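Structure file model.cif; described as mmCIF, C-alpha atoms.
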data_entry
#
loop_
_atom_site.label_atom_id
_atom_site.label_comp_id
_atom_site.auth_asym_id
_atom_site.auth_seq_id
_atom_site.Cartn_x
_atom_site.Cartn_y
_atom_site.Cartn_z
CA MET F 1 14.30 37.84 -15.26
CA THR F 2 14.84 34.43 -13.79
CA VAL F 3 12.53 31.54 -14.40
CA HIS F 4 11.54 29.74 -11.23
CA ASP F 5 10.31 26.21 -10.69
CA ARG F 6 6.56 26.01 -10.56
CA PRO F 7 5.44 24.69 -7.17
CA THR F 8 2.92 21.85 -7.21
CA GLU F 9 -0.68 22.40 -6.16
CA GLU F 10 0.06 20.48 -2.95
CA GLU F 11 3.01 22.73 -2.15
CA ILE F 12 0.84 25.79 -2.59
CA HIS F 13 -1.77 24.45 -0.16
CA ARG F 14 0.92 23.44 2.31
CA TYR F 15 2.15 27.01 2.15
CA VAL F 16 -1.34 28.38 2.74
CA ASP F 17 -1.85 26.07 5.72
CA GLY F 18 1.55 26.89 7.16
CA VAL F 19 2.77 23.31 6.96
CA ALA F 20 5.32 23.70 4.18
CA ASP F 21 8.93 23.04 5.11
CA GLU F 22 11.42 25.90 4.63
CA ARG F 23 12.57 24.75 1.23
CA THR F 24 9.01 24.52 -0.09
CA ALA F 25 8.01 27.84 1.45
CA ALA F 26 10.99 29.51 -0.24
CA LEU F 27 10.10 27.86 -3.54
CA VAL F 28 6.51 29.07 -3.34
CA GLU F 29 7.53 32.59 -2.40
CA ARG F 30 10.03 32.86 -5.25
CA TRP F 31 7.33 31.66 -7.63
CA LEU F 32 4.76 34.15 -6.37
CA GLU F 33 7.14 37.05 -6.91
CA ASP F 34 6.78 36.64 -10.66
CA GLU F 35 3.25 35.28 -10.87
CA PRO F 36 0.69 37.90 -9.84
CA ALA F 37 -2.27 35.62 -10.69
CA ASP F 38 -1.06 32.91 -8.32
CA LEU F 39 -0.17 35.55 -5.75
CA ARG F 40 -3.78 36.78 -5.74
CA ARG F 41 -4.99 33.20 -5.48
CA VAL F 42 -2.75 32.44 -2.49
CA ASP F 43 -3.75 35.71 -0.88
CA ASP F 44 -7.45 34.80 -1.32
CA TYR F 45 -6.85 31.35 0.16
CA LEU F 46 -5.16 32.87 3.18
CA ARG F 47 -8.09 35.25 3.68
CA LEU F 48 -10.52 32.37 3.36
CA ASN F 49 -8.62 30.46 6.03
CA GLU F 50 -8.83 33.47 8.34
CA ALA F 51 -12.53 33.95 7.64
CA LEU F 52 -13.28 30.28 8.36
CA HIS F 53 -11.32 30.55 11.58
CA VAL F 54 -13.41 33.49 12.64
CA ALA F 55 -16.60 31.68 11.64
CA PHE F 56 -15.86 28.42 13.40
CA ALA F 57 -13.16 29.00 15.94
CA ARG F 58 -15.38 29.36 18.98
CA THR F 59 -17.37 27.04 21.10
CA PRO F 60 -20.94 26.63 19.97
CA ASP F 61 -23.19 29.03 21.83
CA GLY F 62 -25.95 26.63 22.72
CA PRO F 63 -25.70 24.39 25.72
CA ALA F 64 -24.36 20.87 25.37
CA ARG F 65 -26.85 18.05 25.80
CA PRO F 66 -27.71 17.49 29.43
CA GLY F 67 -25.75 14.46 30.53
CA LEU F 68 -22.91 15.02 28.10
CA ASP F 69 -20.60 16.02 30.91
CA LYS F 70 -21.46 12.79 32.69
CA VAL F 71 -20.51 10.69 29.67
CA GLU F 72 -17.38 12.78 29.37
CA GLN F 73 -16.43 12.04 32.96
CA GLN F 74 -17.07 8.34 32.53
CA LEU F 75 -14.93 8.33 29.42
CA ALA F 76 -12.11 10.17 31.20
CA ARG F 77 -12.18 7.60 33.99
CA LYS F 78 -12.17 4.69 31.60
CA LEU F 79 -9.32 6.11 29.56
CA ALA F 80 -7.33 6.74 32.75
CA ILE F 81 -7.82 3.11 33.79
CA ARG F 82 -6.88 1.96 30.34
CA ARG F 83 -3.69 3.98 30.54
CA LEU F 84 -2.84 2.71 33.96
CA SER F 85 -3.27 -0.95 33.08
CA TRP F 86 -1.20 -0.30 29.99
CA LYS F 87 1.59 1.18 32.05
CA LEU F 88 1.59 -1.76 34.44
CA ARG F 89 1.88 -4.24 31.63
CA PHE F 90 4.28 -2.57 29.22
CA GLY F 91 5.39 0.83 30.29
CA ARG F 92 7.95 0.33 33.06
CA PRO F 93 11.13 1.89 31.80
CA GLY F 94 13.23 -0.53 33.88
CA LEU F 95 11.79 -3.45 31.97
CA ALA F 96 12.44 -1.95 28.59
CA MET F 97 15.47 -3.42 26.92
CA LEU F 98 15.90 -0.36 24.77
CA GLY F 99 18.20 1.72 26.90
CA GLY F 100 15.40 3.29 28.90
CA ALA F 101 13.54 4.54 25.85
CA ALA F 102 9.81 4.44 26.33
CA VAL F 103 8.23 1.70 24.32
CA ILE F 104 4.74 2.74 23.52
CA ALA F 105 3.26 -0.06 21.53
CA GLY F 106 4.01 -3.32 19.90
CA MET F 107 1.25 -5.28 18.37
CA ALA F 108 0.92 -8.27 16.15
CA TRP F 109 -1.76 -7.52 13.63
CA PHE F 110 -2.18 -11.03 12.32
CA GLY F 111 -5.24 -12.77 13.58
CA SER F 112 -8.02 -11.13 15.45
CA THR F 113 -6.39 -10.95 18.85
CA LEU F 114 -3.85 -8.35 19.74
CA VAL F 115 -0.63 -9.69 21.19
CA TRP F 116 1.73 -7.35 22.97
CA HIS F 117 5.47 -7.77 22.80
CA MET F 118 8.74 -6.03 23.34
CA PRO F 119 10.56 -5.11 20.16
CA PRO F 120 13.46 -7.41 19.23
CA GLY F 121 16.98 -6.50 20.38
CA TYR F 122 18.13 -5.11 17.04
CA ALA F 123 15.20 -2.70 16.78
CA HIS F 124 16.84 -0.03 18.88
CA GLU F 125 19.88 -0.08 16.60
CA ALA F 126 17.59 0.22 13.57
CA VAL F 127 15.84 3.26 15.05
CA GLU F 128 19.14 4.91 16.03
CA ALA F 129 20.57 4.37 12.56
CA HIS F 130 17.36 5.75 11.08
CA LEU F 131 17.46 8.91 13.20
CA LEU F 132 21.16 9.37 12.44
CA PHE F 133 21.00 9.22 8.65
CA VAL F 134 17.45 10.06 7.63
CA SER F 135 18.04 13.77 8.15
CA ASP F 136 21.40 13.78 6.38
CA ASP F 137 21.09 15.83 3.20
CA GLU F 138 24.68 15.53 2.02
CA HIS F 139 25.43 11.83 2.40
CA PRO F 140 22.23 9.97 3.23
CA VAL F 141 23.69 6.81 1.65
CA GLU F 142 27.16 5.37 0.95
CA ILE F 143 26.28 3.72 -2.34
CA PRO F 144 23.51 5.28 -4.43
CA ALA F 145 20.72 3.27 -6.03
CA GLU F 146 22.27 3.76 -9.47
CA ARG F 147 24.88 1.19 -8.47
CA ARG F 148 22.35 -1.49 -7.55
CA ALA F 149 24.48 -4.54 -8.37
CA GLU F 150 27.41 -3.29 -6.33
CA LEU F 151 25.11 -2.21 -3.48
CA THR F 152 23.40 -5.57 -3.03
CA ARG F 153 26.61 -7.57 -3.54
CA TRP F 154 28.61 -5.56 -1.02
CA LEU F 155 25.91 -5.42 1.65
CA SER F 156 25.03 -9.12 1.29
CA LYS F 157 28.70 -10.02 1.66
CA ARG F 158 29.24 -7.86 4.74
CA VAL F 159 25.98 -8.68 6.53
CA GLY F 160 26.17 -12.39 5.78
CA VAL F 161 22.61 -12.76 4.43
CA PRO F 162 21.21 -11.89 1.01
CA VAL F 163 20.23 -8.22 1.08
CA PRO F 164 17.35 -7.58 -1.36
CA LEU F 165 16.59 -4.15 -2.80
CA PRO F 166 12.78 -4.18 -2.74
CA ASP F 167 10.99 -1.99 -5.26
CA LEU F 168 8.53 0.35 -3.52
CA THR F 169 7.92 2.73 -6.41
CA GLU F 170 4.29 1.66 -6.72
CA ALA F 171 3.79 2.89 -3.17
CA GLY F 172 5.48 6.16 -4.06
CA TYR F 173 8.90 5.48 -2.52
CA TYR F 174 12.08 5.27 -4.58
CA LEU F 175 15.36 3.78 -3.45
CA LEU F 176 18.05 6.34 -2.63
CA GLY F 177 20.71 3.73 -1.86
CA GLY F 178 22.22 2.02 1.14
CA ARG F 179 24.99 1.96 3.68
CA LEU F 180 26.67 -0.31 6.18
CA VAL F 181 25.61 0.27 9.80
CA THR F 182 26.07 -1.79 12.96
CA ASN F 183 23.86 -4.00 15.05
CA HIS F 184 25.58 -4.41 18.42
CA LEU F 185 28.97 -4.28 16.65
CA LYS F 186 27.90 -6.74 13.95
CA PRO F 187 27.49 -5.45 10.40
CA ALA F 188 23.98 -4.54 9.26
CA ALA F 189 22.54 -2.94 6.16
CA GLN F 190 20.43 0.19 5.93
CA LEU F 191 18.50 0.95 2.74
CA MET F 192 16.94 4.37 2.41
CA TYR F 193 13.82 5.23 0.43
CA ALA F 194 12.34 8.66 -0.27
CA ARG F 195 8.98 9.93 -1.40
CA GLY F 196 8.34 12.79 -3.81
CA ASP F 197 7.74 15.22 -0.94
CA GLY F 198 11.11 14.30 0.59
CA HIS F 199 9.82 12.00 3.32
CA ARG F 200 12.25 9.17 4.01
CA ILE F 201 11.99 5.68 5.43
CA THR F 202 14.74 3.14 6.09
CA LEU F 203 14.92 -0.63 5.92
CA PHE F 204 17.36 -2.22 8.37
CA ILE F 205 18.57 -5.75 7.65
CA THR F 206 20.78 -7.80 9.93
CA ARG F 207 21.78 -11.44 10.36
CA ALA F 208 19.74 -13.36 12.93
CA ASP F 209 21.21 -15.95 15.31
CA GLY F 210 19.01 -18.73 14.02
CA ALA F 211 16.68 -19.28 11.09
CA GLN F 212 13.09 -18.46 11.95
CA GLU F 213 9.92 -16.91 10.56
CA THR F 214 8.15 -14.34 12.68
CA LEU F 215 5.06 -12.24 12.11
CA ALA F 216 5.47 -8.58 11.35
CA GLU F 217 4.90 -6.42 14.42
CA LEU F 218 4.43 -2.71 14.83
CA PHE F 219 6.26 -0.72 17.50
CA GLU F 220 6.90 2.86 18.42
CA GLU F 221 9.98 4.37 20.03
CA GLN F 222 11.25 7.95 20.18
CA GLN F 223 8.17 8.95 18.18
CA VAL F 224 9.26 6.74 15.33
CA ARG F 225 7.07 3.87 14.20
CA PHE F 226 8.69 0.72 12.91
CA VAL F 227 7.78 -2.78 11.83
CA CYS F 228 9.96 -5.80 12.66
CA TRP F 229 9.97 -9.31 11.27
CA GLN F 230 12.35 -12.17 10.63
CA HIS F 231 12.56 -14.23 7.48
CA GLY F 232 15.01 -17.13 7.40
CA ARG F 233 18.32 -15.87 8.80
CA ALA F 234 17.57 -12.23 8.10
CA SER F 235 15.94 -9.84 10.55
CA PHE F 236 14.19 -6.79 9.15
CA ALA F 237 13.04 -3.47 10.55
CA LEU F 238 11.18 -0.95 8.41
CA VAL F 239 11.51 2.42 10.13
CA GLY F 240 9.66 5.65 9.43
CA SER F 241 7.40 8.09 11.21
CA GLU F 242 4.46 7.00 9.11
CA ASP F 243 0.94 5.90 9.68
CA PRO F 244 0.66 2.24 10.70
CA ASN F 245 -1.37 1.17 7.68
CA LEU F 246 1.17 2.46 5.23
CA LEU F 247 4.05 0.86 7.13
CA ARG F 248 2.19 -2.42 7.16
CA ALA F 249 1.46 -2.25 3.44
CA LEU F 250 5.10 -1.43 2.69
CA SER F 251 6.38 -4.27 4.86
CA ASP F 252 4.01 -6.70 3.11
CA ARG F 253 5.45 -5.58 -0.18
CA ILE F 254 9.00 -6.05 1.07
CA MET F 255 8.22 -9.56 2.34
CA ALA F 256 6.70 -10.49 -1.00
CA SER F 257 9.73 -9.11 -2.77
CA ALA F 258 12.08 -11.16 -0.55
CA ARG F 259 10.14 -14.30 -1.44
CA ASP F 260 10.34 -13.47 -5.15
CA THR F 261 14.11 -13.01 -4.89
CA GLU F 262 14.43 -16.46 -3.32
CA GLN F 263 12.31 -18.10 -5.95
CA ALA F 264 14.36 -16.48 -8.65
CA ARG F 265 17.52 -17.77 -7.01
CA SER F 266 16.36 -21.36 -6.48
CA MET V 1 -0.05 13.28 32.30
CA THR V 2 -2.07 12.95 35.49
CA ASP V 3 -5.70 11.88 35.58
CA GLY V 4 -6.72 15.49 36.17
CA GLN V 5 -4.81 16.57 33.08
CA LEU V 6 -6.40 13.79 31.10
CA ARG V 7 -9.82 15.02 32.14
CA GLN V 8 -8.95 18.57 31.10
CA THR V 9 -7.51 17.41 27.80
CA LEU V 10 -10.58 15.34 27.11
CA HIS V 11 -12.79 18.31 27.87
CA LEU V 12 -10.90 20.44 25.34
CA HIS V 13 -11.30 17.69 22.78
CA VAL V 14 -15.04 17.58 23.44
CA VAL V 15 -15.26 21.33 22.86
CA ARG V 16 -13.55 20.83 19.51
CA LEU V 17 -15.74 17.87 18.65
CA ARG V 18 -18.83 19.98 19.29
CA ARG V 19 -17.47 22.79 17.15
CA TYR V 20 -16.69 20.37 14.34
CA ALA V 21 -20.08 18.68 14.60
CA HIS V 22 -21.93 22.01 14.51
CA ALA V 23 -19.97 23.15 11.47
CA LEU V 24 -20.57 19.83 9.77
CA VAL V 25 -24.24 19.26 10.52
CA ARG V 26 -25.66 22.75 10.94
CA ASP V 27 -28.73 21.59 12.81
CA ALA V 28 -27.82 22.15 16.46
CA ASP V 29 -29.85 19.20 17.73
CA GLN V 30 -28.33 16.81 15.25
CA ALA V 31 -24.86 18.13 16.01
CA GLU V 32 -25.31 17.53 19.74
CA ASP V 33 -26.72 14.07 19.00
CA LEU V 34 -23.64 13.31 16.99
CA VAL V 35 -21.28 14.39 19.78
CA GLN V 36 -23.22 12.44 22.36
CA GLU V 37 -23.18 9.36 20.16
CA CYS V 38 -19.47 9.83 19.61
CA LEU V 39 -18.66 9.91 23.33
CA ALA V 40 -20.93 6.94 24.01
CA THR V 41 -19.16 4.97 21.28
CA ALA V 42 -15.76 6.01 22.63
CA LEU V 43 -16.84 4.82 26.06
CA ALA V 44 -17.89 1.45 24.68
CA GLN V 45 -14.71 1.19 22.63
CA ALA V 46 -12.27 2.60 25.19
CA HIS V 47 -10.40 -0.72 25.29
CA ARG V 48 -9.38 -0.11 21.69
CA TRP V 49 -7.66 3.18 22.35
CA THR V 50 -3.86 2.85 22.46
CA PRO V 51 -2.43 5.02 25.24
CA GLY V 52 0.29 7.24 23.88
CA THR V 53 -1.46 7.75 20.58
CA ASP V 54 -3.41 10.87 19.64
CA LEU V 55 -6.70 10.85 21.54
CA ARG V 56 -8.10 13.77 19.58
CA ALA V 57 -7.57 12.05 16.22
CA TRP V 58 -9.17 8.89 17.61
CA LEU V 59 -12.28 10.79 18.74
CA PHE V 60 -12.56 12.67 15.43
CA THR V 61 -12.34 9.37 13.57
CA ILE V 62 -15.22 7.98 15.62
CA LEU V 63 -17.27 11.11 15.00
CA HIS V 64 -16.59 11.01 11.29
CA ASN V 65 -17.57 7.35 11.04
CA LEU V 66 -20.83 7.98 12.89
CA HIS V 67 -21.47 10.95 10.69
CA ILE V 68 -21.12 9.08 7.41
CA GLY V 69 -22.92 6.14 8.96
CA GLY V 70 -26.32 7.78 8.88
CA VAL V 71 -26.46 11.43 9.66
CA ARG V 72 -25.30 12.36 6.22
CA LYS V 73 -28.67 11.44 4.73
CA ARG V 74 -30.39 13.88 7.02
CA LEU V 75 -27.74 16.44 6.27
CA ARG V 76 -28.53 16.20 2.54
CA GLN V 77 -32.15 16.97 3.21
CA ALA V 78 -31.17 20.06 5.12
CA GLU V 79 -28.55 21.10 2.59
CA HIS V 80 -29.70 24.62 1.83
CA VAL V 81 -29.80 26.56 5.00
CA ASP V 82 -30.15 30.30 4.68
CA LEU V 83 -27.55 32.49 6.22
CA GLU V 84 -29.61 33.98 9.00
CA SER V 85 -30.51 30.58 10.41
CA VAL V 86 -26.84 29.65 10.36
CA ALA V 87 -25.64 32.83 11.96
CA HIS V 88 -27.49 32.32 15.22
CA LEU V 89 -25.82 28.94 15.69
CA LEU V 90 -22.50 30.62 15.71
CA PRO V 91 -20.85 32.06 18.74
CA GLN V 92 -21.11 35.78 19.41
CA ALA V 93 -20.61 37.72 16.22
CA PRO V 94 -17.02 38.80 15.71
CA ALA V 95 -16.15 42.46 15.31
CA GLN V 96 -18.39 44.20 12.81
CA THR V 97 -15.59 44.91 10.33
CA GLN V 98 -14.87 41.20 10.00
CA ARG V 99 -18.49 40.17 9.99
CA LEU V 100 -19.09 40.59 6.28
CA GLU V 101 -16.04 38.64 5.32
CA TRP V 102 -16.75 35.63 7.48
CA LEU V 103 -20.42 35.61 6.55
CA GLU V 104 -19.48 35.65 2.90
CA ALA V 105 -16.97 32.87 3.47
CA LEU V 106 -19.57 30.90 5.38
CA TRP V 107 -22.04 31.32 2.54
CA ALA V 108 -19.49 29.96 0.06
CA PHE V 109 -18.58 27.16 2.47
CA GLU V 110 -22.26 26.20 2.53
CA GLN V 111 -22.23 25.64 -1.23
CA LEU V 112 -19.43 23.04 -1.05
CA GLU V 113 -19.87 19.29 -1.25
CA PRO V 114 -19.97 17.65 2.20
CA ASP V 115 -16.65 15.89 1.42
CA GLN V 116 -14.99 19.20 0.70
CA ARG V 117 -16.38 20.80 3.85
CA GLU V 118 -14.98 18.02 6.01
CA VAL V 119 -11.50 18.39 4.60
CA LEU V 120 -11.52 22.16 5.01
CA LEU V 121 -12.78 21.90 8.58
CA LEU V 122 -10.22 19.31 9.61
CA THR V 123 -7.22 21.00 8.00
CA ALA V 124 -7.86 24.75 7.94
CA VAL V 125 -10.02 25.04 11.09
CA GLU V 126 -8.98 22.14 13.33
CA GLY V 127 -5.36 22.17 12.24
CA PHE V 128 -4.95 18.48 11.53
CA ARG V 129 -2.08 17.60 9.22
CA TYR V 130 -2.99 16.24 5.76
CA GLN V 131 -1.93 12.73 6.74
CA GLU V 132 -4.00 12.87 9.94
CA THR V 133 -6.98 14.18 8.01
CA ALA V 134 -6.62 11.29 5.57
CA ASP V 135 -6.53 8.83 8.49
CA ILE V 136 -9.63 10.33 10.08
CA LEU V 137 -11.59 10.28 6.84
CA GLY V 138 -10.21 6.90 5.78
CA VAL V 139 -9.07 8.14 2.38
CA PRO V 140 -5.62 8.49 0.73
CA THR V 141 -3.70 11.73 1.29
CA GLY V 142 -4.01 12.46 -2.42
CA THR V 143 -7.77 12.55 -2.04
CA VAL V 144 -7.47 15.01 0.84
CA MET V 145 -5.27 17.21 -1.33
CA SER V 146 -7.61 17.18 -4.31
CA ARG V 147 -10.68 17.89 -2.16
CA LEU V 148 -8.88 20.72 -0.42
CA SER V 149 -7.76 22.16 -3.72
CA ARG V 150 -11.23 21.94 -5.26
CA ALA V 151 -12.89 23.33 -2.14
CA ARG V 152 -10.71 26.42 -2.08
CA GLN V 153 -10.97 26.99 -5.80
CA ARG V 154 -14.75 26.71 -5.65
CA MET V 155 -15.10 29.07 -2.71
CA ARG V 156 -12.91 31.58 -4.47
CA ASP V 157 -14.93 31.32 -7.69
CA LEU V 158 -18.19 31.70 -5.80
CA LEU V 159 -17.02 34.77 -3.96
CA ALA V 160 -15.64 36.31 -7.14
CA GLN V 161 -19.00 35.86 -8.86
CA ARG V 162 -20.77 37.34 -5.90
CA GLY V 163 -18.37 40.24 -5.64
CA LYS V 164 -19.92 42.44 -8.34
CA PRO V 165 -23.57 42.61 -7.29
CA ASN V 166 -22.41 43.28 -3.77
CA LEU V 167 -20.38 46.26 -4.82
CA ARG V 168 -23.43 47.70 -6.55
CA LEU V 169 -25.45 47.19 -3.43
CA VAL V 170 -22.93 49.05 -1.33
CA LYS V 171 -22.89 51.98 -3.75
CA SER V 172 -26.63 52.43 -3.99
#
Step by step, read the file and then write its structure as structure tokens.
Amino acid sequence: MTVHDRPTEEEIHRYVDGVADERTAALVERWLEDEPADLRRVDDYLRLNEALHVAFARTPDGPARPGLDKVEQQLARKLAIRRLSWKLRFGRPGLAMLGGAAVIAGMAWFGSTLVWHMPPGYAHEAVEAHLLFVSDDEHPVEIPAERRAELTRWLSKRVGVPVPLPDLTEAGYYLLGGRLVTNHLKPAAQLMYARGDGHRITLFITRADGAQETLAELFEEQQVRFVCWQHGRASFALVGSEDPNLLRALSDRIMASARDTEQARS
Amino acid sequence: MTDGQLRQTLHLHVVRLRRYAHALVRDADQAEDLVQECLATALAQAHRWTPGTDLRAWLFTILHNLHIGGVRKRLRQAEHVDLESVAHLLPQAPAQTQRLEWLEALWAFEQLEPDQREVLLLTAVEGFRYQETADILGVPTGTVMSRLSRARQRMRDLLAQRGKPNLRLVKS
């Protein structure tokens, strides 16, 4: 009899809700083969899901409040106007500098007012590099995190700015390693981080034309959210299909880590 | 998406909001109040919606915030609703063979903490992903996971306890 890895509680619930990836689903199924108690539990959970669907999955019988449809119509109109004005200001593909990709949103979150921008020129390269390597299971990085000293030395030398290796373990992401990528034919660095559930984010670092400090801004392109900022001569893009708050928190952490590195150096 | 499609999409979202509100609040009047309040708030806050982002998640977030903002107190008072009064709120009874199972499940669902009910409704019934559920409720994903886990375990325990007397009833 073979001994299988025990799936986590989260993996079991993902399986029940049909949102487990193939690897996890296979893991859970192998486990259940030898564990009748857990098999009964999963079976009960699946039945509960079905029963709740039956209980709730229809429109309430009673009539909606009189006037609700009117509010609904007003809301639809207002949202349509909102979308239209949005399109006029930001959404013309011809104006986008990102090869025709639809830019959905860019917003500075510092201060109380929202300021809308186009993403910087290197952002498209960062997203492309992200999409290219984030799904690579065999060689996601060129130099693994175990060789930290070599990784930071090599990338800093090639990119022409100090490349830090920020520690994001407190936020649940560990460094896989990094690789050399390009930013419009110039060298750039890509660091890759992964979470326990396999989710990956990348940090793109390239050399800017002039020294400058910019605020971090959130953008979305090709269904990938990313945050861009510049610090000194280095431009950064943190890329990952994550929720905005987490991306913002992670980028704050990276900025703080970059400052610490400088202080340590000076 | 054309304006007509947007109107249709919004209508579908409103149907789901009503379903969620009814499952959450039980009292039909309060549930409809909640939905109405939600749409009115959305109307007032429409300038804060980012086109291209998930409208449904945005509306559910508003509804959730209104719900915890005041209705929950009233909900606590009306915590123990007997099954018959719940059943009539529900849409036409499903096929008789399934009826017992979903009524039993509904009874167990009723015994859960409000936090646990919300998570079950958003994930298992409305089909939101765990991360989206966490965003709507304004809690970490880990909290969603632990509530979901506890909710299912508790429902299962409750139904297991209830299982025996029921069997006797059927036999007699």
statement: Using all atoms listed in the file, the best pick from F:Arg41, F:Glu10, F:Ala258, F:Trp229 as closest to Thr143 in chain V would be F:Glu10
Which chain F residues have any atom within 8 Å of an atom of chain V, and for each, what is the nearest pair of atoms with distance in Å to one decimal, counting all atoms listed in the file, rows sorted by chain and number, as a Markdown table?
| residue | atom | partner | partner_atom | distance |
| --- | --- | --- | --- | --- |
| F:Glu9 | CA | V:Ser149 | CA | 7.5 |
| F:Glu10 | CA | V:Met145 | CA | 6.5 |
| F:His13 | CA | V:Ser149 | CA | 7.3 |
| F:Asp17 | CA | V:Ala124 | CA | 6.5 |
| F:Val19 | CA | V:Arg129 | CA | 7.8 |
| F:Asp44 | CA | V:Arg156 | CA | 7.1 |
| F:Tyr45 | CA | V:Arg152 | CA | 6.6 |
| F:Leu48 | CA | V:Ala105 | CA | 6.5 |
| F:Asn49 | CA | V:Ala124 | CA | 6.1 |
| F:Ala51 | CA | V:Trp102 | CA | 4.5 |
| F:Leu52 | CA | V:Trp102 | CA | 6.4 |
| F:His53 | CA | V:Val125 | CA | 5.7 |
| F:Val54 | CA | V:Trp102 | CA | 6.5 |
| F:Ala55 | CA | V:Trp102 | CA | 5.7 |
| F:Phe56 | CA | V:Arg19 | CA | 7.0 |
| F:Ala57 | CA | V:Val125 | CA | 7.0 |
| F:Arg58 | CA | V:Pro91 | CA | 6.1 |
| F:Thr59 | CA | V:Arg19 | CA | 5.8 |
| F:Pro60 | CA | V:Pro91 | CA | 5.6 |
| F:Asp61 | CA | V:Pro91 | CA | 4.9 |
| F:Gly62 | CA | V:Leu89 | CA | 7.4 |
| F:Ala64 | CA | V:Glu32 | CA | 6.6 |
| F:Arg65 | CA | V:Glu32 | CA | 6.3 |
| F:Leu68 | CA | V:Gln36 | CA | 6.3 |
| F:Val71 | CA | V:Leu39 | CA | 6.7 |
| F:Glu72 | CA | V:Leu39 | CA | 6.8 |
| F:Gln73 | CA | V:Arg7 | CA | 7.3 |
| F:Gln74 | CA | V:Leu43 | CA | 7.4 |
| F:Leu75 | CA | V:Leu43 | CA | 5.2 |
| F:Ala76 | CA | V:Arg7 | CA | 5.4 |
| F:Arg77 | CA | V:Asp3 | CA | 7.9 |
| F:Lys78 | CA | V:Ala46 | CA | 6.7 |
| F:Leu79 | CA | V:Ala46 | CA | 6.3 |
| F:Ala80 | CA | V:Asp3 | CA | 6.1 |
| F:Arg82 | CA | V:His47 | CA | 6.7 |
| F:Arg83 | CA | V:Pro51 | CA | 5.5 |
| F:Trp86 | CA | V:Pro51 | CA | 7.2 |
| F:Ile104 | CA | V:Gly52 | CA | 6.3 |
| F:Ala105 | CA | V:Thr50 | CA | 7.7 |
| F:Asp243 | CA | V:Gln131 | CA | 8.0 |
Preceding selection exported with C-alpha atoms as an mmCIF file, keeping the file's coordinate frame:
data_model
loop_
_atom_site.group_PDB
_atom_site.id
_atom_site.type_symbol
_atom_site.label_atom_id
_atom_site.label_comp_id
_atom_site.auth_asym_id
_atom_site.auth_seq_id
_atom_site.Cartn_x
_atom_site.Cartn_y
_atom_site.Cartn_z
ATOM 1 C CA GLU F 9 -0.680 22.400 -6.160
ATOM 2 C CA GLU F 10 0.060 20.480 -2.950
ATOM 3 C CA HIS F 13 -1.770 24.450 -0.160
ATOM 4 C CA ASP F 17 -1.850 26.070 5.720
ATOM 5 C CA VAL F 19 2.770 23.310 6.960
ATOM 6 C CA ASP F 44 -7.450 34.800 -1.320
ATOM 7 C CA TYR F 45 -6.850 31.350 0.160
ATOM 8 C CA LEU F 48 -10.520 32.370 3.360
ATOM 9 C CA ASN F 49 -8.620 30.460 6.030
ATOM 10 C CA ALA F 51 -12.530 33.950 7.640
ATOM 11 C CA LEU F 52 -13.280 30.280 8.360
ATOM 12 C CA HIS F 53 -11.320 30.550 11.580
ATOM 13 C CA VAL F 54 -13.410 33.490 12.640
ATOM 14 C CA ALA F 55 -16.600 31.680 11.640
ATOM 15 C CA PHE F 56 -15.860 28.420 13.400
ATOM 16 C CA ALA F 57 -13.160 29.000 15.940
ATOM 17 C CA ARG F 58 -15.380 29.360 18.980
ATOM 18 C CA THR F 59 -17.370 27.040 21.100
ATOM 19 C CA PRO F 60 -20.940 26.630 19.970
ATOM 20 C CA ASP F 61 -23.190 29.030 21.830
ATOM 21 C CA GLY F 62 -25.950 26.630 22.720
ATOM 22 C CA ALA F 64 -24.360 20.870 25.370
ATOM 23 C CA ARG F 65 -26.850 18.050 25.800
ATOM 24 C CA LEU F 68 -22.910 15.020 28.100
ATOM 25 C CA VAL F 71 -20.510 10.690 29.670
ATOM 26 C CA GLU F 72 -17.380 12.780 29.370
ATOM 27 C CA GLN F 73 -16.430 12.040 32.960
ATOM 28 C CA GLN F 74 -17.070 8.340 32.530
ATOM 29 C CA LEU F 75 -14.930 8.330 29.420
ATOM 30 C CA ALA F 76 -12.110 10.170 31.200
ATOM 31 C CA ARG F 77 -12.180 7.600 33.990
ATOM 32 C CA LYS F 78 -12.170 4.690 31.600
ATOM 33 C CA LEU F 79 -9.320 6.110 29.560
ATOM 34 C CA ALA F 80 -7.330 6.740 32.750
ATOM 35 C CA ARG F 82 -6.880 1.960 30.340
ATOM 36 C CA ARG F 83 -3.690 3.980 30.540
ATOM 37 C CA TRP F 86 -1.200 -0.300 29.990
ATOM 38 C CA ILE F 104 4.740 2.740 23.520
ATOM 39 C CA ALA F 105 3.260 -0.060 21.530
ATOM 40 C CA ASP F 243 0.940 5.900 9.680
#
Adding 5 Å on each side of the box along x, y and z that holds all listed atoms of range 134-147 of chain F, could you give its centre and edge lengths in Å to one decimal, as JSON?
{"center_x": 22.3, "center_y": 8.5, "center_z": -0.7, "size_x": 19.7, "size_y": 24.6, "size_z": 27.6}
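Between CA of Glu213 in chain F and CA of Gln230 in chain F the separation is 5.3 Å.
Between CA of Thr141 in chain V and CA of Leu112 in chain V the separation is 19.5 Å.
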message: Which residue is closest to Val141 in chain F? Choose from F:Gly160, F:Pro119, F:Gly177, F:Pro166 and count all atoms listed in the file.
response: F:Gly177
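Across the structure, CA of Leu238 in chain F and CA of Arg200 in chain F are spaced 11.1 Å apart.
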query: Near Arg147 in chain V, counting only C-alpha atoms, which residues have an atom at most 8 Å away, once you skip same-chain residues fewer than 5 positions from it, shown as a PyMOL selection string?
result: chain V and resi 115-116+119
